[in-house]
Amino acid sequence: MIAPVNALQDATKSGAVLRNLRHDIPASLVVFLVALPLSLGIAIASGAPLMAGLIAAVVGGIVAGLLGGSVRQVSGPAAGLTVVVAGLIGDLGWPMMCLMTIGAGVLQILFGLSGVARAALAIAPVVVHAMLAGIGITIALQQFHVLLGGSSRSSAWENIVALPSGILNHELHEVIVGGVVIAILLLWAKLPPKVRLIPGPLVAIVAATVFAIAVGLDVERISLSGSFFDAIAMPKLPGTAPGGESWVHEIGTIVVGVFTIALIASVESLLSAVGVDKLHNGPRTNFNREMLGQGSANIVSGLLGGLPITGVIVRSSTNVAAGARTRMSAVLHGVWVLLFASLFTGLVELIPKAALAGLLIVIGAQLIKLAHVKVAWRTGNFAVYAVTIVCVVFLNLLEGVAIGLAVAIAILLTRVIRAPVEARPYGGHESKDWRVDIDGSLSFLLLPRLTKVLSTLPDGSHVTLNLNADYIDDAVSDAISDWRRAHEATGGAVVIVETSHANLFSAGTSRPKRHYRPAAIGLLPWRSARASQQDNANAGVRAGIDEYHRNGVAMLHPHIADLTDSQNPYALFLTCADSRILPNVITASGPGDLYTVRNVGNLVPTDATDRSVDAALDFAVNQLGVRSVVVCGHSSCGAMMTLLDDTVDKATTPMGHWLEYAHDTLVAYRDHHPARRSAESNGFKDVDQLGVVNVAKQMERLTRHPILETAVASGDLQVVGTFFDISTARVYEVDHNGIVCPDRPAGTH
């Protein structure tokens, strides 16, 4: 029996490979068409031999594609390294650049073997974004001179100074060719998605080249020194450095260069891999393996005379969008580049340099993302962003990143020192009740602010001190304890509410691993209230109210104070009257967010004389302007149990009369409605299958409801279905066919 089983497994695997290749081969061709012009342009911007860009594209596709830890990432020469590479080639020459690429690859392999690959992600994202923006500005400044028919200078400042002269003395034919490329690339982003399946860079370069030949423009074209295989050679160093000195005198520059290439290539590759993981639902990236793959690719690229390699988000996102399934797409793209470079080099020499300059200017501009600027401004990190850009552009990349990180750390320390400490009265300005909120890392650095705020509290006042801290050291613990004793000695009262695992009692004795969010309002009284209810229901309610007045008022008041005269909910939430459903908790919403309607079985009455739900729909949609109506069913629903139980006489009870509104739900369930099959396939028991069908049927009613129909049809209002599984405390999204994503709760997809 073993042989047939193995044969069946082999046949299954072969079938899977063939099915994947149906997607991987077309995707690889699309990526190849994107990578070809980009690789040539990056080689020009780096001051490297043109073939070095194609060698890096081939090695990045095949070696990094086979060995890397990201299944759908595509590697090759990247714009993020052009500034560093261009500077090192100018200082040390191309042969030494190849050896440094090998050294950087070795360092990346050590990163992977040591298991510290994720440490490269410790660089603040705002610094990485600013670094890329600075590189983009530098590339654009360099290539603008090439587009004008001149040559780029050695520094950004010199490029800026020379810009007026370059504009006045431009070569018109070069400007026209470069302008055609820029215009096509800008227009391409506005075309329909089906048209954009053809790579814009390829269209722009081909169109500009054909235009230049057809019109007979006198432009400088790319010149390749020999064939692709002639360019492949082990790097050989001359006896002295380019300046005529011994290589010993350049050892410091070489070491810094190797470290810089390895660090930037690693960070860019890992960030790209993280971005790619967000674009698909396949296997996640193994970061240590990704470092091994990138390091191996850089060693091979350096040995063959290619540029440094990184994972590239432009090619990788194109790969995912084109439908790639496995790493074979990246590998095959490298094979196509190899075939083109070895067989069609004559076509490459037809491309005008100004065309590639136009492409690089657009690439440089695209590295400056408005979304990153907005995030930096919104999060208070714009100073870090601006300082990093200026330093990358006018100093160098490594110094720019180092200075940016230093500024980011300084701002972080300032925020720690100025952790939020706020005191305010509640219940009116004349009230003796005060609330103090303290958040963040509470170290001795906070003592000056903390003691100052606590000293402003009136003697004899009743203070609720809310601590939401990820760390509390003994200095802060002692300070709060001393203040509490002194305040209570004046006749005041202090209640301390600790909503995280870091607390005053254990201050300084542990090292918390994360920042805990405050406990949701309403969670605090549960245990004490339930304990009281065991003896007396009245006592339980009173105990809960007392607990609320002690701790809940101070927590709730700041959130509800602005809602005194009006409400502005974003959704009407129709759910069951079952006591186990907590709408605000399972939707992580607060006061004023949900306009909640509850009834037995979360039903929408079909009788025109029953306006119980209609009134709420009318008010919520037409008066409050909600944009969503949510139906939430739940497991183990008593209404569904009664509906399903044929032995119960429903005609003689109020419950039975009400459940007449669910008759069509029962009929749909017995007719094996798609929602029932969906719930059944996910292991739900009969009563819960009926509950899911009920949500689907109520959604149908709401979609056709006279009050909602017009808004739903226009897209101004959404009807959403959810199902709360009490046994797992998870909420699942439901559509007209049942459970949407059985493997993931609602809101996670």
# chains A, B, ... in the order shown; residues from 1 in each chain; ligands from 1
call {"tool": "residues_around", "arguments": {"residues": "Pro352 of chain A", "least_positions_apart": "6", "cutoff": "7 Å", "atoms": "only C-alpha atoms", "output": "PyMOL selection string"}}
result
chain A and resi 209+219-222
call {"tool": "write_last_selection", "arguments": {"atoms": "C-alpha atoms", "output": "short mmCIF file (atom, residue, chain, number, x, y, z; two decimals), in the first residue's frame"}}
result
data_model
loop_
_atom_site.label_atom_id
_atom_site.label_comp_id
_atom_site.auth_asym_id
_atom_site.auth_seq_id
_atom_site.Cartn_x
_atom_site.Cartn_y
_atom_site.Cartn_z
CA THR A 209 12.86 55.39 -27.66
CA VAL A 219 20.20 62.36 -28.17
CA GLU A 220 22.88 60.48 -26.25
CA ARG A 221 22.11 56.77 -26.00
CA ILE A 222 23.10 53.99 -23.64
#
call {"tool": "select_by_dssp", "arguments": {"residues": "segment 626-702 of chain A", "states": "helix (DSSP H, G or I)", "output": "ChimeraX atom specification"}}
result
/A:638-644,654-670,674-681,686-702
call {"tool": "residues_around", "arguments": {"residues": "segment 256-273 of chain A", "least_positions_apart": "6", "cutoff": "9 Å", "atoms": "only C-alpha atoms", "output": "PyMOL selection string"}}
result
chain A and resi 69-70+72-73+75+78+80-81+84-85+88+97+100-108+111+117-118+120-121+123+128+284-285+287+290-291+294-295+308-314+316+397-398
call {"tool": "closest_residue", "arguments": {"among": "A:Val541, A:Ile438, A:Leu197, A:Leu644", "to": "Val476 of chain A", "atoms": "only C-alpha atoms"}}
result
A:Ile438
call {"tool": "residues_around", "arguments": {"residues": "Leu563 of chain A", "least_positions_apart": "6", "cutoff": "12 Å", "atoms": "only C-alpha atoms", "output": "number ranges by chain"}}
result
A: 556-557, 569, 590-593
call {"tool": "write_last_selection", "arguments": {"atoms": "N, CA and C atoms", "output": "short mmCIF file (atom, residue, chain, number, x, y, z; two decimals), in the first residue's frame"}}
result
data_model
loop_
_atom_site.label_atom_id
_atom_site.label_comp_id
_atom_site.auth_asym_id
_atom_site.auth_seq_id
_atom_site.Cartn_x
_atom_site.Cartn_y
_atom_site.Cartn_z
N LEU A 556 -15.95 57.45 33.48
CA LEU A 556 -16.94 57.70 32.44
C LEU A 556 -17.13 59.18 32.13
N HIS A 557 -17.07 60.01 33.15
CA HIS A 557 -17.45 61.42 32.99
C HIS A 557 -16.70 62.14 31.87
N PRO A 569 -24.18 58.92 17.15
CA PRO A 569 -23.76 57.53 16.93
C PRO A 569 -23.42 57.28 15.46
N GLY A 590 -17.59 53.28 22.56
CA GLY A 590 -17.79 54.01 23.79
C GLY A 590 -19.12 54.73 23.83
N PRO A 591 -19.32 55.60 24.80
CA PRO A 591 -20.56 56.36 24.91
C PRO A 591 -20.81 57.18 23.65
N GLY A 592 -22.03 57.14 23.15
CA GLY A 592 -22.38 57.94 21.99
C GLY A 592 -22.07 57.28 20.66
N ASP A 593 -21.52 56.06 20.67
CA ASP A 593 -21.13 55.41 19.41
C ASP A 593 -22.26 54.57 18.80
#
call {"tool": "residues_around", "arguments": {"residues": "Trp336 of chain A", "least_positions_apart": "3", "cutoff": "12 Å", "atoms": "only C-alpha atoms", "output": "PDB file with N, CA and C atoms, in the first residue's frame"}}
result
ATOM      1  N   ILE A  25       4.041  32.044 -13.961  1.00  0.00           N
ATOM      2  CA  ILE A  25       4.706  32.410 -15.222  1.00  0.00           C
ATOM      3  C   ILE A  25       4.213  33.765 -15.736  1.00  0.00           C
ATOM      4  N   PRO A  26       2.895  33.998 -15.846  1.00  0.00           N
ATOM      5  CA  PRO A  26       2.466  35.347 -16.272  1.00  0.00           C
ATOM      6  C   PRO A  26       2.938  36.446 -15.320  1.00  0.00           C
ATOM      7  N   ALA A  27       2.893  36.180 -14.018  1.00  0.00           N
ATOM      8  CA  ALA A  27       3.339  37.192 -13.050  1.00  0.00           C
ATOM      9  C   ALA A  27       4.818  37.496 -13.235  1.00  0.00           C
ATOM     10  N   SER A  28       5.621  36.468 -13.489  1.00  0.00           N
ATOM     11  CA  SER A  28       7.069  36.674 -13.659  1.00  0.00           C
ATOM     12  C   SER A  28       7.365  37.532 -14.883  1.00  0.00           C
ATOM     13  N   LEU A  29       6.578  37.374 -15.941  1.00  0.00           N
ATOM     14  CA  LEU A  29       6.778  38.190 -17.144  1.00  0.00           C
ATOM     15  C   LEU A  29       6.464  39.661 -16.866  1.00  0.00           C
ATOM     16  N   VAL A  30       5.401  39.893 -16.098  1.00  0.00           N
ATOM     17  CA  VAL A  30       5.063  41.282 -15.747  1.00  0.00           C
ATOM     18  C   VAL A  30       6.178  41.913 -14.915  1.00  0.00           C
ATOM     19  N   VAL A  31       6.683  41.175 -13.914  1.00  0.00           N
ATOM     20  CA  VAL A  31       7.747  41.696 -13.065  1.00  0.00           C
ATOM     21  C   VAL A  31       9.014  41.936 -13.884  1.00  0.00           C
ATOM     22  N   PHE A  32       9.320  41.038 -14.815  1.00  0.00           N
ATOM     23  CA  PHE A  32      10.485  41.203 -15.694  1.00  0.00           C
ATOM     24  C   PHE A  32      10.390  42.515 -16.471  1.00  0.00           C
ATOM     25  N   LEU A  33       9.202  42.821 -17.005  1.00  0.00           N
ATOM     26  CA  LEU A  33       9.029  44.044 -17.786  1.00  0.00           C
ATOM     27  C   LEU A  33       9.188  45.299 -16.919  1.00  0.00           C
ATOM     28  N   VAL A  34       8.845  45.181 -15.627  1.00  0.00           N
ATOM     29  CA  VAL A  34       9.053  46.306 -14.708  1.00  0.00           C
ATOM     30  C   VAL A  34      10.531  46.417 -14.327  1.00  0.00           C
ATOM     31  N   ALA A  35      11.160  45.265 -14.057  1.00  0.00           N
ATOM     32  CA  ALA A  35      12.534  45.256 -13.533  1.00  0.00           C
ATOM     33  C   ALA A  35      13.566  45.707 -14.553  1.00  0.00           C
ATOM     34  N   LEU A  36      13.336  45.421 -15.836  1.00  0.00           N
ATOM     35  CA  LEU A  36      14.362  45.701 -16.851  1.00  0.00           C
ATOM     36  C   LEU A  36      14.743  47.178 -16.921  1.00  0.00           C
ATOM     37  N   LEU A  54      21.828  44.725 -14.591  1.00  0.00           N
ATOM     38  CA  LEU A  54      21.175  43.522 -15.096  1.00  0.00           C
ATOM     39  C   LEU A  54      21.679  42.277 -14.363  1.00  0.00           C
ATOM     40  N   ILE A  55      22.985  42.238 -14.050  1.00  0.00           N
ATOM     41  CA  ILE A  55      23.528  41.104 -13.283  1.00  0.00           C
ATOM     42  C   ILE A  55      22.834  41.024 -11.923  1.00  0.00           C
ATOM     43  N   ALA A  57      19.883  42.123 -11.144  1.00  0.00           N
ATOM     44  CA  ALA A  57      18.492  41.714 -11.331  1.00  0.00           C
ATOM     45  C   ALA A  57      18.388  40.196 -11.493  1.00  0.00           C
ATOM     46  N   VAL A  58      19.319  39.626 -12.268  1.00  0.00           N
ATOM     47  CA  VAL A  58      19.315  38.172 -12.476  1.00  0.00           C
ATOM     48  C   VAL A  58      19.589  37.445 -11.163  1.00  0.00           C
ATOM     49  N   VAL A  59      20.651  37.867 -10.462  1.00  0.00           N
ATOM     50  CA  VAL A  59      21.027  37.198  -9.212  1.00  0.00           C
ATOM     51  C   VAL A  59      19.952  37.404  -8.147  1.00  0.00           C
ATOM     52  N   GLY A  61      16.764  37.832  -8.565  1.00  0.00           N
ATOM     53  CA  GLY A  61      15.616  36.995  -8.857  1.00  0.00           C
ATOM     54  C   GLY A  61      15.859  35.534  -8.548  1.00  0.00           C
ATOM     55  N   ILE A  62      16.992  35.009  -9.016  1.00  0.00           N
ATOM     56  CA  ILE A  62      17.222  33.566  -8.911  1.00  0.00           C
ATOM     57  C   ILE A  62      17.714  33.169  -7.520  1.00  0.00           C
ATOM     58  N   SER A 329       7.855  32.650  -9.259  1.00  0.00           N
ATOM     59  CA  SER A 329       7.649  33.865 -10.041  1.00  0.00           C
ATOM     60  C   SER A 329       8.887  34.756  -9.993  1.00  0.00           C
ATOM     61  N   ALA A 330       9.439  34.962  -8.777  1.00  0.00           N
ATOM     62  CA  ALA A 330      10.655  35.778  -8.645  1.00  0.00           C
ATOM     63  C   ALA A 330      11.821  35.120  -9.371  1.00  0.00           C
ATOM     64  N   VAL A 331      11.955  33.797  -9.246  1.00  0.00           N
ATOM     65  CA  VAL A 331      13.052  33.080  -9.906  1.00  0.00           C
ATOM     66  C   VAL A 331      12.940  33.218 -11.421  1.00  0.00           C
ATOM     67  N   LEU A 332      11.742  33.010 -11.959  1.00  0.00           N
ATOM     68  CA  LEU A 332      11.557  33.078 -13.408  1.00  0.00           C
ATOM     69  C   LEU A 332      11.786  34.491 -13.939  1.00  0.00           C
ATOM     70  N   HIS A 333      11.436  35.503 -13.152  1.00  0.00           N
ATOM     71  CA  HIS A 333      11.707  36.874 -13.613  1.00  0.00           C
ATOM     72  C   HIS A 333      13.199  37.082 -13.813  1.00  0.00           C
ATOM     73  N   LEU A 339      17.898  35.944 -20.100  1.00  0.00           N
ATOM     74  CA  LEU A 339      17.725  35.666 -21.524  1.00  0.00           C
ATOM     75  C   LEU A 339      17.749  36.951 -22.344  1.00  0.00           C
ATOM     76  N   PHE A 340      17.070  37.990 -21.839  1.00  0.00           N
ATOM     77  CA  PHE A 340      17.042  39.256 -22.573  1.00  0.00           C
ATOM     78  C   PHE A 340      18.429  39.881 -22.637  1.00  0.00           C
ATOM     79  N   ALA A 341      19.118  39.918 -21.481  1.00  0.00           N
ATOM     80  CA  ALA A 341      20.433  40.573 -21.429  1.00  0.00           C
ATOM     81  C   ALA A 341      21.459  39.865 -22.291  1.00  0.00           C
ATOM     82  N   SER A 342      21.334  38.555 -22.458  1.00  0.00           N
ATOM     83  CA  SER A 342      22.315  37.804 -23.240  1.00  0.00           C
ATOM     84  C   SER A 342      21.984  37.757 -24.725  1.00  0.00           C
ATOM     85  N   LEU A 343      20.700  37.995 -25.080  1.00  0.00           N
ATOM     86  CA  LEU A 343      20.307  37.848 -26.485  1.00  0.00           C
ATOM     87  C   LEU A 343      19.913  39.153 -27.171  1.00  0.00           C
ATOM     88  N   PHE A 344      19.509  40.159 -26.386  1.00  0.00           N
ATOM     89  CA  PHE A 344      18.957  41.365 -27.010  1.00  0.00           C
ATOM     90  C   PHE A 344      19.625  42.643 -26.507  1.00  0.00           C
TER      91      PHE A 344
END
call {"tool": "closest_residue", "arguments": {"among": "A:Ala383, A:Val401, A:Val463, A:Val180", "to": "Gly492 of chain A", "atoms": "only C-alpha atoms"}}
result
A:Val463
call {"tool": "closest_residue", "arguments": {"among": "A:Ser612, A:Thr642, A:Ser227, A:Ser46", "to": "Gln143 of chain A", "atoms": "only C-alpha atoms"}}
result
A:Ser46
